[in-house]
file coords_22.cif (mmCIF, C-alpha atoms)
data_coords
#
loop_
_atom_site.label_atom_id
_atom_site.label_comp_id
_atom_site.auth_asym_id
_atom_site.auth_seq_id
_atom_site.Cartn_x
_atom_site.Cartn_y
_atom_site.Cartn_z
CA MET C 1 92.94 101.04 93.50
CA VAL C 2 90.72 104.05 94.02
CA ASP C 3 86.99 104.17 93.41
CA ASP C 4 86.04 107.68 92.24
CA ASN C 5 82.50 107.25 93.45
CA CYS C 6 83.55 106.19 96.93
CA LEU C 7 83.15 108.74 99.70
CA PHE C 8 86.09 107.40 101.68
CA CYS C 9 88.37 107.18 98.63
CA ARG C 10 87.59 110.86 98.06
CA ILE C 11 88.50 111.67 101.66
CA VAL C 12 91.74 109.68 101.31
CA SER C 13 92.63 111.55 98.12
CA GLY C 14 91.96 114.89 99.79
CA GLU C 15 89.09 115.74 97.45
CA LEU C 16 86.66 115.82 100.37
CA PRO C 17 87.45 117.31 103.77
CA ALA C 18 87.56 115.29 106.96
CA THR C 19 88.64 115.85 110.54
CA VAL C 20 91.74 113.68 110.36
CA VAL C 21 93.14 112.34 113.62
CA TYR C 22 95.69 109.80 112.34
CA ALA C 23 97.51 108.98 109.13
CA ASP C 24 100.13 106.51 108.01
CA LYS C 25 101.13 105.18 104.62
CA ASP C 26 98.41 102.52 104.54
CA SER C 27 95.58 104.02 106.58
CA LEU C 28 93.77 107.20 107.48
CA ALA C 29 91.54 107.91 110.47
CA PHE C 30 89.03 110.72 110.90
CA LEU C 31 86.13 111.64 113.15
CA ASP C 32 82.68 110.35 112.27
CA HIS C 33 80.46 113.42 111.84
CA ARG C 34 77.51 111.61 113.35
CA PRO C 35 79.28 110.02 116.29
CA LEU C 36 77.84 107.59 118.79
CA PHE C 37 79.87 109.62 121.24
CA PRO C 38 82.39 112.43 120.64
CA GLY C 39 85.69 110.90 119.59
CA HIS C 40 84.03 108.19 117.49
CA THR C 41 86.75 107.54 114.90
CA LEU C 42 86.69 105.77 111.53
CA LEU C 43 89.87 104.05 110.39
CA VAL C 44 90.02 103.30 106.65
CA PRO C 45 92.62 101.66 104.46
CA ARG C 46 93.85 104.10 101.80
CA GLU C 47 93.27 101.47 99.18
CA HIS C 48 89.67 100.66 98.31
CA PHE C 49 88.49 97.39 99.83
CA GLU C 50 84.81 96.88 100.46
CA THR C 51 84.89 94.59 103.48
CA LEU C 52 87.23 92.90 105.94
CA GLY C 53 87.03 89.77 103.81
CA ASP C 54 88.37 91.69 100.80
CA VAL C 55 91.47 93.26 102.38
CA SER C 56 94.75 92.09 100.87
CA PRO C 57 96.80 89.90 103.23
CA SER C 58 99.70 92.37 103.31
CA LEU C 59 97.46 95.05 104.76
CA ILE C 60 96.15 93.08 107.75
CA GLU C 61 99.13 93.79 109.98
CA PRO C 62 99.56 97.54 109.37
CA TYR C 63 95.82 98.18 109.37
CA PHE C 64 95.14 96.41 112.66
CA ASN C 65 98.28 97.84 114.23
CA ALA C 66 96.70 101.22 113.55
CA ALA C 67 93.36 100.01 114.96
CA GLN C 68 95.12 98.84 118.11
CA LEU C 69 96.96 102.13 118.48
CA LEU C 70 93.76 104.11 117.98
CA SER C 71 91.87 102.01 120.51
CA ARG C 72 94.42 103.12 123.10
CA VAL C 73 94.59 106.69 121.87
CA VAL C 74 90.84 107.35 121.59
CA GLU C 75 90.27 105.91 125.06
CA ALA C 76 93.04 108.06 126.56
CA ALA C 77 92.09 111.20 124.65
CA LEU C 78 88.46 111.12 125.69
CA GLU C 79 89.30 109.91 129.21
CA ALA C 80 87.04 106.95 128.52
CA GLU C 81 86.86 103.63 130.36
CA GLY C 82 86.92 101.38 127.33
CA THR C 83 86.25 101.19 123.62
CA PHE C 84 83.94 99.55 121.15
CA VAL C 85 85.83 98.51 118.01
CA ALA C 86 83.65 97.25 115.17
CA MET C 87 83.21 96.68 111.47
CA ASN C 88 79.96 96.24 109.58
CA ASN C 89 80.59 94.15 106.50
CA ARG C 90 77.96 94.70 103.79
CA VAL C 91 74.86 94.64 106.01
CA SER C 92 74.51 97.94 107.95
CA GLN C 93 77.62 99.20 106.19
CA SER C 94 76.86 102.79 105.22
CA VAL C 95 79.92 103.35 103.02
CA PRO C 96 81.16 100.33 101.04
CA HIS C 97 84.82 100.99 101.88
CA LEU C 98 86.04 99.07 104.92
CA HIS C 99 86.13 101.14 108.08
CA VAL C 100 86.81 100.21 111.68
CA HIS C 101 84.68 102.19 114.11
CA ILE C 102 86.58 103.07 117.28
CA VAL C 103 84.15 104.38 119.86
CA PRO C 104 85.04 105.55 123.38
CA ARG C 105 82.86 103.90 126.01
CA ARG C 106 81.99 104.64 129.62
CA LYS C 107 80.08 102.60 132.14
CA GLY C 108 76.53 103.87 132.22
CA ASP C 109 76.82 105.55 128.83
CA GLY C 110 73.50 104.04 127.85
CA LEU C 111 74.78 101.30 125.56
CA LYS C 112 74.16 97.94 127.08
CA GLY C 113 76.31 94.94 126.32
CA PHE C 114 75.40 93.86 122.90
CA PHE C 115 72.50 96.23 122.41
CA TRP C 116 70.03 93.62 121.33
CA PRO C 117 68.50 90.44 122.67
CA ARG C 118 70.46 87.28 122.36
CA THR C 119 68.91 84.02 121.33
CA LYS C 120 69.59 80.42 122.35
CA TYR C 121 70.43 77.33 120.36
CA LYS C 122 67.71 74.70 120.38
CA GLY C 123 69.80 72.20 122.31
CA ASP C 124 72.91 70.33 121.33
CA GLY C 125 71.54 69.33 117.95
CA GLU C 126 71.33 72.84 116.56
CA ILE C 127 74.68 74.05 117.89
CA LYS C 128 76.45 71.00 116.49
CA GLU C 129 74.75 71.47 113.14
CA VAL C 130 76.00 75.06 112.96
CA GLN C 131 79.47 73.94 114.01
CA GLY C 132 79.41 71.45 111.13
CA GLN C 133 78.34 74.14 108.66
CA ILE C 134 81.19 76.44 109.71
CA ARG C 135 83.78 73.69 109.65
CA ALA C 136 82.63 72.63 106.18
CA ALA C 137 82.83 76.22 104.90
CA LEU C 138 86.31 76.55 106.43
CA LYS C 139 87.47 73.40 104.69
CA LYS C 140 86.05 74.63 101.40
CA ILE C 141 87.68 78.08 101.65
CA GLN C 142 91.04 76.61 102.64
CA THR C 143 91.28 74.15 99.73
CA MET G 1 100.48 83.58 130.09
CA VAL G 2 97.37 81.82 131.27
CA ASP G 3 94.96 83.17 133.86
CA ASP G 4 93.48 80.23 135.80
CA ASN G 5 90.41 82.24 136.70
CA CYS G 6 89.69 83.21 133.12
CA LEU G 7 86.81 81.44 131.40
CA PHE G 8 88.40 81.70 127.97
CA CYS G 9 91.84 80.55 129.19
CA ARG G 10 90.09 77.48 130.59
CA ILE G 11 88.43 76.85 127.23
CA VAL G 12 91.78 77.27 125.45
CA SER G 13 93.44 74.80 127.83
CA GLY G 14 90.66 72.28 127.26
CA GLU G 15 89.54 72.38 130.89
CA LEU G 16 86.12 73.69 129.85
CA PRO G 17 84.20 72.47 126.80
CA ALA G 18 83.33 74.66 123.84
CA THR G 19 81.91 74.19 120.38
CA VAL G 20 85.15 74.85 118.52
CA VAL G 21 84.91 75.90 114.88
CA TYR G 22 88.50 77.01 114.20
CA ALA G 23 91.93 76.58 115.73
CA ASP G 24 95.46 77.57 114.86
CA LYS G 25 98.61 77.91 116.94
CA ASP G 26 97.76 81.43 118.15
CA SER G 27 93.97 81.50 118.24
CA LEU G 28 90.86 79.48 118.92
CA ALA G 29 87.30 80.16 117.78
CA PHE G 30 84.10 78.69 119.19
CA LEU G 31 80.38 79.36 119.06
CA ASP G 32 78.89 81.81 121.53
CA HIS G 33 76.27 79.89 123.50
CA ARG G 34 74.03 82.94 123.66
CA PRO G 35 74.33 84.03 120.06
CA LEU G 36 72.89 87.14 118.48
CA PHE G 37 72.18 84.79 115.60
CA PRO G 38 73.19 81.16 115.08
CA GLY G 39 76.79 81.03 113.91
CA HIS G 40 77.87 83.91 116.20
CA THR G 41 81.53 83.03 116.74
CA LEU G 42 84.07 84.21 119.32
CA LEU G 43 87.72 84.31 118.27
CA VAL G 44 90.20 84.44 121.16
CA PRO G 45 93.98 84.56 121.31
CA ARG G 46 95.33 81.50 123.13
CA GLU G 47 97.44 83.78 125.28
CA HIS G 48 95.65 85.88 127.87
CA PHE G 49 95.28 89.52 126.83
CA GLU G 50 92.49 91.56 128.29
CA THR G 51 91.79 94.00 125.46
CA LEU G 52 92.83 94.88 121.92
CA GLY G 53 95.15 97.50 123.36
CA ASP G 54 96.99 94.84 125.37
CA VAL G 55 97.73 92.36 122.56
CA SER G 56 101.42 91.86 121.83
CA PRO G 57 102.50 93.30 118.46
CA SER G 58 103.54 89.90 117.12
CA LEU G 59 100.01 88.59 117.52
CA ILE G 60 98.22 91.29 115.52
CA GLU G 61 98.85 89.72 112.12
CA PRO G 62 97.97 86.07 112.88
CA TYR G 63 95.00 87.05 115.04
CA PHE G 64 93.41 89.35 112.48
CA ASN G 65 94.24 86.97 109.65
CA ALA G 66 92.07 84.49 111.53
CA ALA G 67 89.37 87.14 112.04
CA GLN G 68 89.37 87.89 108.32
CA LEU G 69 89.16 84.21 107.43
CA LEU G 70 86.30 83.67 109.88
CA SER G 71 84.38 86.67 108.56
CA ARG G 72 84.35 84.96 105.16
CA VAL G 73 83.70 81.50 106.56
CA VAL G 74 80.86 82.39 108.95
CA GLU G 75 79.12 84.39 106.22
CA ALA G 76 79.42 81.51 103.75
CA ALA G 77 78.50 78.82 106.25
CA LEU G 78 75.32 80.51 107.40
CA GLU G 79 74.46 81.73 103.88
CA ALA G 80 74.44 85.24 105.31
CA GLU G 81 74.66 88.54 103.45
CA GLY G 82 77.30 90.14 105.61
CA THR G 83 78.93 90.12 109.02
CA PHE G 84 79.31 92.22 112.11
CA VAL G 85 82.83 91.96 113.51
CA ALA G 86 83.35 93.62 116.88
CA MET G 87 85.30 93.83 120.10
CA ASN G 88 84.17 95.31 123.40
CA ASN G 89 87.19 96.54 125.31
CA ARG G 90 86.54 96.76 129.05
CA VAL G 91 83.09 98.38 128.94
CA SER G 92 80.42 95.80 127.97
CA GLN G 93 83.12 93.15 127.87
CA SER G 94 81.63 90.10 129.55
CA VAL G 95 84.86 88.06 129.74
CA PRO G 96 88.08 90.02 130.29
CA HIS G 97 90.00 88.03 127.66
CA LEU G 98 90.01 89.66 124.23
CA HIS G 99 87.46 88.17 121.84
CA VAL G 100 86.36 89.19 118.39
CA HIS G 101 82.66 88.60 117.83
CA ILE G 102 81.93 87.44 114.28
CA VAL G 103 78.19 87.60 113.70
CA PRO G 104 76.41 86.63 110.46
CA ARG G 105 74.05 89.35 109.28
CA ARG G 106 71.11 89.51 106.90
CA LYS G 107 69.16 92.46 105.60
CA GLY G 108 66.02 92.78 107.67
CA ASP G 109 67.43 90.71 110.52
CA GLY G 110 66.19 93.29 112.96
CA LEU G 111 69.51 94.92 113.79
CA LYS G 112 69.63 98.43 112.49
CA GLY G 113 72.84 100.13 111.47
CA PHE G 114 74.49 101.11 114.64
CA PHE G 115 71.71 100.05 116.94
CA TRP G 116 71.57 103.28 118.87
CA PRO G 117 71.01 106.95 118.23
CA ARG G 118 73.88 108.98 116.97
CA THR G 119 74.66 112.41 118.25
CA LYS G 120 76.05 115.53 116.58
CA TYR G 121 79.04 117.71 117.32
CA LYS G 122 78.14 121.20 118.47
CA GLY G 123 79.60 122.83 115.40
CA ASP G 124 83.17 123.13 114.23
CA GLY G 125 84.47 124.14 117.64
CA GLU G 126 83.64 120.88 119.37
CA ILE G 127 84.82 118.59 116.58
CA LYS G 128 88.13 120.43 116.35
CA GLU G 129 88.57 120.27 120.10
CA VAL G 130 88.09 116.50 120.04
CA GLN G 131 90.49 116.22 117.09
CA GLY G 132 93.07 118.12 119.17
CA GLN G 133 92.56 115.80 122.15
CA ILE G 134 93.09 112.70 120.01
CA ARG G 135 96.14 114.11 118.27
CA ALA G 136 97.67 115.07 121.61
CA ALA G 137 97.05 111.59 123.02
CA LEU G 138 98.58 110.08 119.89
CA LYS G 139 101.69 112.20 120.25
CA LYS G 140 101.97 111.22 123.89
CA ILE G 141 101.59 107.49 123.24
CA GLN G 142 104.09 107.56 120.38
CA THR G 143 106.86 109.31 122.31
#
call {"tool": "encode", "arguments": {"input": "coords_22.cif", "output": "structure tokens"}}
result
Amino acid sequence: MVDDNCLFCRIVSGELPATVVYADKDSLAFLDHRPLFPGHTLLVPREHFETLGDVSPSLIEPYFNAAQLLSRVVEAALEAEGTFVAMNNRVSQSVPHLHVHIVPRRKGDGLKGFFWPRTKYKGDGEIKEVQGQIRAALKKIQT
Amino acid sequence: MVDDNCLFCRIVSGELPATVVYADKDSLAFLDHRPLFPGHTLLVPREHFETLGDVSPSLIEPYFNAAQLLSRVVEAALEAEGTFVAMNNRVSQSVPHLHVHIVPRRKGDGLKGFFWPRTKYKGDGEIKEVQGQIRAALKKIQT
């Protein structure tokens, strides 16, 4: 399925230009034009899926094989020391077509750990309550 | 393979406690004790792999199937509006055993897009040079 109004579908179809760095039958990867660092790559499925949760089961393996390959390749190509590999689903997602960001990282590159302050659970009660919520949602989604 | 000095291997083996929210034969997921937001989940392969690039090919499908499932489940459980799904490979990686962070997100939760300033390529020359570097590294890794 292709969404004619979707920026990434239009890149996949060739209607819009992009600086392509990788292509296979299921996926396409190109450079983000506003990179966190040079080499910042976006990997998209050719088919239109909005979020990770929406991707068809048959695509998981080829898509994440490509993500794995690109995590190695981007790191090597930019002579980086590591990578940041991330997806924003719905919130903070600029284009509503799933994309994995693959960003080369270096120690001292100015990005610190998780970039924002972490919180704490209010004791054992709160963490167990959240555990219960997740387990209940899991049960619901699996039945 | 299990690394006796690895915090996450010791959680997988049951030697150390964790607030487990999901388990299957290949993977285990538990709550991060210093969450970005409550419900922040870490999904680890039972086998010890340091980074995404190191994971054995046979694990990609089951591991990312679990990540997909958890992205739906964590969002539903916490009544969130989206998720942030991310891996730090080597740089900013607190525990050197691959883990996917699955973080529930809400609009206005205080995290902005990509949390740090983006840069720009110095014109067509630089972006094409980086494209060439990545393509060359890809060719090298695939041969």
call {"tool": "resolve_selection", "arguments": {"input": "coords_22.cif", "expression": "the PyMOL selection byres ((chain C and resi 68-82) around 6)", "output": "list in words"}}
result
Phe64, Asn65, Ala66, Ala67, Thr83, Pro104, Arg105 and Arg106 of chain C; Leu52, Gly53, Asn89, Arg90, Val91, Gln133, Ile134, Ala137 and Leu138 of chain G
call {"tool": "calpha_fit_and_write", "arguments": {"input": "coords_22.cif", "fixed": "chain G", "moving": "chain C", "output": "short mmCIF file (atom, residue, chain, number, x, y, z; two decimals) with C-alpha atoms, in the frame of the given file"}}
result
data_model
loop_
_atom_site.label_atom_id
_atom_site.label_comp_id
_atom_site.auth_asym_id
_atom_site.auth_seq_id
_atom_site.Cartn_x
_atom_site.Cartn_y
_atom_site.Cartn_z
CA MET C 1 100.52 83.55 130.07
CA VAL C 2 97.39 81.81 131.26
CA ASP C 3 94.97 83.15 133.85
CA ASP C 4 93.49 80.22 135.80
CA ASN C 5 90.43 82.21 136.70
CA CYS C 6 89.70 83.20 133.12
CA LEU C 7 86.83 81.42 131.40
CA PHE C 8 88.42 81.69 127.97
CA CYS C 9 91.85 80.55 129.18
CA ARG C 10 90.09 77.48 130.57
CA ILE C 11 88.43 76.84 127.21
CA VAL C 12 91.79 77.27 125.44
CA SER C 13 93.43 74.80 127.82
CA GLY C 14 90.66 72.28 127.26
CA GLU C 15 89.52 72.38 130.88
CA LEU C 16 86.11 73.68 129.83
CA PRO C 17 84.19 72.46 126.80
CA ALA C 18 83.33 74.66 123.85
CA THR C 19 81.91 74.18 120.38
CA VAL C 20 85.14 74.85 118.53
CA VAL C 21 84.90 75.91 114.89
CA TYR C 22 88.50 76.99 114.20
CA ALA C 23 91.93 76.56 115.73
CA ASP C 24 95.47 77.57 114.87
CA LYS C 25 98.61 77.92 116.93
CA ASP C 26 97.77 81.43 118.16
CA SER C 27 93.98 81.50 118.24
CA LEU C 28 90.86 79.49 118.92
CA ALA C 29 87.30 80.15 117.79
CA PHE C 30 84.09 78.70 119.19
CA LEU C 31 80.37 79.35 119.07
CA ASP C 32 78.88 81.81 121.53
CA HIS C 33 76.25 79.89 123.52
CA ARG C 34 74.01 82.93 123.67
CA PRO C 35 74.32 84.03 120.06
CA LEU C 36 72.89 87.14 118.48
CA PHE C 37 72.18 84.80 115.61
CA PRO C 38 73.18 81.15 115.08
CA GLY C 39 76.79 81.04 113.92
CA HIS C 40 77.85 83.90 116.21
CA THR C 41 81.53 83.03 116.75
CA LEU C 42 84.07 84.21 119.32
CA LEU C 43 87.71 84.31 118.27
CA VAL C 44 90.20 84.43 121.16
CA PRO C 45 93.97 84.56 121.31
CA ARG C 46 95.33 81.51 123.14
CA GLU C 47 97.44 83.77 125.27
CA HIS C 48 95.64 85.87 127.87
CA PHE C 49 95.28 89.50 126.84
CA GLU C 50 92.47 91.55 128.30
CA THR C 51 91.80 93.98 125.47
CA LEU C 52 92.83 94.87 121.93
CA GLY C 53 95.14 97.50 123.38
CA ASP C 54 96.99 94.82 125.36
CA VAL C 55 97.73 92.34 122.56
CA SER C 56 101.42 91.86 121.83
CA PRO C 57 102.50 93.31 118.47
CA SER C 58 103.54 89.90 117.12
CA LEU C 59 100.02 88.59 117.52
CA ILE C 60 98.22 91.29 115.53
CA GLU C 61 98.86 89.73 112.14
CA PRO C 62 97.97 86.08 112.89
CA TYR C 63 95.00 87.04 115.05
CA PHE C 64 93.41 89.35 112.48
CA ASN C 65 94.23 86.98 109.64
CA ALA C 66 92.08 84.48 111.52
CA ALA C 67 89.37 87.13 112.05
CA GLN C 68 89.38 87.88 108.33
CA LEU C 69 89.17 84.20 107.44
CA LEU C 70 86.31 83.66 109.88
CA SER C 71 84.40 86.66 108.57
CA ARG C 72 84.36 84.95 105.18
CA VAL C 73 83.70 81.50 106.56
CA VAL C 74 80.87 82.40 108.95
CA GLU C 75 79.12 84.39 106.23
CA ALA C 76 79.42 81.51 103.74
CA ALA C 77 78.50 78.82 106.25
CA LEU C 78 75.33 80.51 107.39
CA GLU C 79 74.49 81.72 103.88
CA ALA C 80 74.44 85.23 105.30
CA GLU C 81 74.65 88.54 103.45
CA GLY C 82 77.29 90.15 105.62
CA THR C 83 78.94 90.11 109.02
CA PHE C 84 79.30 92.21 112.11
CA VAL C 85 82.84 91.97 113.51
CA ALA C 86 83.34 93.62 116.89
CA MET C 87 85.30 93.83 120.10
CA ASN C 88 84.17 95.31 123.39
CA ASN C 89 87.19 96.54 125.30
CA ARG C 90 86.56 96.76 129.06
CA VAL C 91 83.10 98.38 128.94
CA SER C 92 80.42 95.80 127.97
CA GLN C 93 83.14 93.15 127.87
CA SER C 94 81.65 90.10 129.56
CA VAL C 95 84.86 88.05 129.75
CA PRO C 96 88.09 90.01 130.29
CA HIS C 97 90.01 88.02 127.66
CA LEU C 98 90.00 89.66 124.23
CA HIS C 99 87.47 88.16 121.86
CA VAL C 100 86.35 89.20 118.40
CA HIS C 101 82.65 88.60 117.84
CA ILE C 102 81.92 87.45 114.29
CA VAL C 103 78.19 87.60 113.69
CA PRO C 104 76.41 86.64 110.46
CA ARG C 105 74.05 89.37 109.28
CA ARG C 106 71.12 89.53 106.89
CA LYS C 107 69.17 92.48 105.61
CA GLY C 108 66.03 92.80 107.67
CA ASP C 109 67.43 90.72 110.52
CA GLY C 110 66.18 93.31 112.97
CA LEU C 111 69.50 94.96 113.78
CA LYS C 112 69.58 98.45 112.43
CA GLY C 113 72.79 100.18 111.47
CA PHE C 114 74.47 101.08 114.65
CA PHE C 115 71.67 100.06 116.97
CA TRP C 116 71.54 103.29 118.88
CA PRO C 117 70.99 106.96 118.21
CA ARG C 118 73.88 108.97 116.96
CA THR C 119 74.66 112.41 118.24
CA LYS C 120 76.06 115.52 116.55
CA TYR C 121 79.04 117.70 117.31
CA LYS C 122 78.13 121.19 118.46
CA GLY C 123 79.60 122.85 115.39
CA ASP C 124 83.17 123.13 114.22
CA GLY C 125 84.45 124.15 117.63
CA GLU C 126 83.63 120.89 119.35
CA ILE C 127 84.83 118.60 116.56
CA LYS C 128 88.14 120.44 116.34
CA GLU C 129 88.57 120.28 120.09
CA VAL C 130 88.10 116.50 120.02
CA GLN C 131 90.50 116.23 117.09
CA GLY C 132 93.07 118.12 119.17
CA GLN C 133 92.56 115.81 122.14
CA ILE C 134 93.10 112.70 120.00
CA ARG C 135 96.14 114.12 118.26
CA ALA C 136 97.66 115.09 121.61
CA ALA C 137 97.04 111.60 123.02
CA LEU C 138 98.58 110.07 119.88
CA LYS C 139 101.68 112.21 120.26
CA LYS C 140 101.96 111.25 123.91
CA ILE C 141 101.60 107.50 123.26
CA GLN C 142 104.09 107.59 120.39
CA THR C 143 106.88 109.33 122.33
#
call {"tool": "residues_around", "arguments": {"input": "coords_22.cif", "residues": "Gln93 in chain G", "least_positions_apart": "2", "cutoff": "10 Å", "atoms": "all atoms listed in the file", "output": "PyMOL selection string"}}
result
(chain C and resi 82-84+113-114) or (chain G and resi 50-51+87-91+95-99)
call {"tool": "closest_residue", "arguments": {"input": "coords_22.cif", "among": "G:Ser92, G:Thr143, G:Leu36, G:Ala29", "to": "Leu111 in chain G", "atoms": "all atoms listed in the file"}}
result
G:Leu36
call {"tool": "axis_aligned_box", "arguments": {"input": "coords_22.cif", "around": "range 120-126 of chain C", "padding_each_side": "6 Å", "output": "lines of an AutoDock Vina configuration file"}}
result
center_x = 70.3
center_y = 74.9
center_z = 119.5
size_x = 17.2
size_y = 23.1
size_z = 17.8
call {"tool": "resolve_selection", "arguments": {"input": "coords_22.cif", "expression": "the PyMOL selection byres ((chain G and resi 1-10) around 9)", "output": "list in words"}}
result
Ile11, Val12, Ser13, Gly14, Glu15, Leu16, Pro17, Val44, Arg46, Glu47, His48, Phe49, Val95, Pro96, His97, Leu98 and His99 of chain G
call {"tool": "resolve_selection", "arguments": {"input": "coords_22.cif", "expression": "the PyMOL selection byres ((chain G and resi 33) around 10)", "output": "list in words"}}
result
Arg118, Thr119, Lys120, Tyr121 and Ile127 of chain C; Ala18, Thr19, Phe30, Leu31, Asp32, Arg34, Pro35, Leu36, Pro38, Gly39, His40, Thr41 and Leu42 of chain G
call {"tool": "atom_distance", "arguments": {"input": "coords_22.cif", "atom1": "CA of Val100 in chain G", "atom2": "CA of Ser27 in chain G"}}
result
10.8 Å
call {"tool": "atom_distance", "arguments": {"input": "coords_22.cif", "atom1": "CA of Asp54 in chain C", "atom2": "CA of Asp26 in chain C"}}
result
15.2 Å
call {"tool": "atom_distance", "arguments": {"input": "coords_22.cif", "atom1": "CA of Gly125 in chain G", "atom2": "CA of Val21 in chain C"}}
result
15.2 Å
call {"tool": "decode", "arguments": {"input": "coords_22.cif", "residues": "range 27-62 of chain G", "atoms": "C-alpha atoms", "output": "PDB file, in the first residue's frame"}}
result
ATOM      1  CA  SER G  27      14.059 -12.732  25.203  1.00  0.00           C
ATOM      2  CA  LEU G  28      13.189 -11.229  28.551  1.00  0.00           C
ATOM      3  CA  ALA G  29      11.731  -7.802  29.311  1.00  0.00           C
ATOM      4  CA  PHE G  30      11.720  -5.972  32.626  1.00  0.00           C
ATOM      5  CA  LEU G  31      11.121  -2.468  33.929  1.00  0.00           C
ATOM      6  CA  ASP G  32      14.025  -0.041  34.001  1.00  0.00           C
ATOM      7  CA  HIS G  33      14.441   1.025  37.627  1.00  0.00           C
ATOM      8  CA  ARG G  34      15.393   4.536  36.576  1.00  0.00           C
ATOM      9  CA  PRO G  35      12.709   5.071  33.965  1.00  0.00           C
ATOM     10  CA  LEU G  36      12.311   8.036  31.669  1.00  0.00           C
ATOM     11  CA  PHE G  37       8.637   7.539  32.431  1.00  0.00           C
ATOM     12  CA  PRO G  38       6.873   4.768  34.363  1.00  0.00           C
ATOM     13  CA  GLY G  39       6.520   1.734  32.127  1.00  0.00           C
ATOM     14  CA  HIS G  40       9.962   2.235  30.525  1.00  0.00           C
ATOM     15  CA  THR G  41      10.821  -1.342  29.588  1.00  0.00           C
ATOM     16  CA  LEU G  42      14.114  -3.000  28.639  1.00  0.00           C
ATOM     17  CA  LEU G  43      13.969  -5.957  26.265  1.00  0.00           C
ATOM     18  CA  VAL G  44      17.095  -8.143  26.262  1.00  0.00           C
ATOM     19  CA  PRO G  45      18.053 -11.270  24.360  1.00  0.00           C
ATOM     20  CA  ARG G  46      18.671 -14.155  26.765  1.00  0.00           C
ATOM     21  CA  GLU G  47      21.949 -14.836  25.023  1.00  0.00           C
ATOM     22  CA  HIS G  48      24.757 -12.343  25.568  1.00  0.00           C
ATOM     23  CA  PHE G  49      25.267 -10.023  22.593  1.00  0.00           C
ATOM     24  CA  GLU G  50      26.834  -6.662  23.153  1.00  0.00           C
ATOM     25  CA  THR G  51      25.199  -4.609  20.406  1.00  0.00           C
ATOM     26  CA  LEU G  52      22.630  -4.810  17.620  1.00  0.00           C
ATOM     27  CA  GLY G  53      25.474  -5.446  15.197  1.00  0.00           C
ATOM     28  CA  ASP G  54      26.523  -8.537  17.159  1.00  0.00           C
ATOM     29  CA  VAL G  55      23.157 -10.329  17.328  1.00  0.00           C
ATOM     30  CA  SER G  56      23.052 -13.664  15.516  1.00  0.00           C
ATOM     31  CA  PRO G  57      20.881 -13.612  12.372  1.00  0.00           C
ATOM     32  CA  SER G  58      18.496 -16.237  13.739  1.00  0.00           C
ATOM     33  CA  LEU G  59      17.585 -13.985  16.645  1.00  0.00           C
ATOM     34  CA  ILE G  60      16.567 -10.916  14.633  1.00  0.00           C
ATOM     35  CA  GLU G  61      13.027 -12.099  13.917  1.00  0.00           C
ATOM     36  CA  PRO G  62      12.019 -13.350  17.390  1.00  0.00           C
TER      37      PRO G  62
END
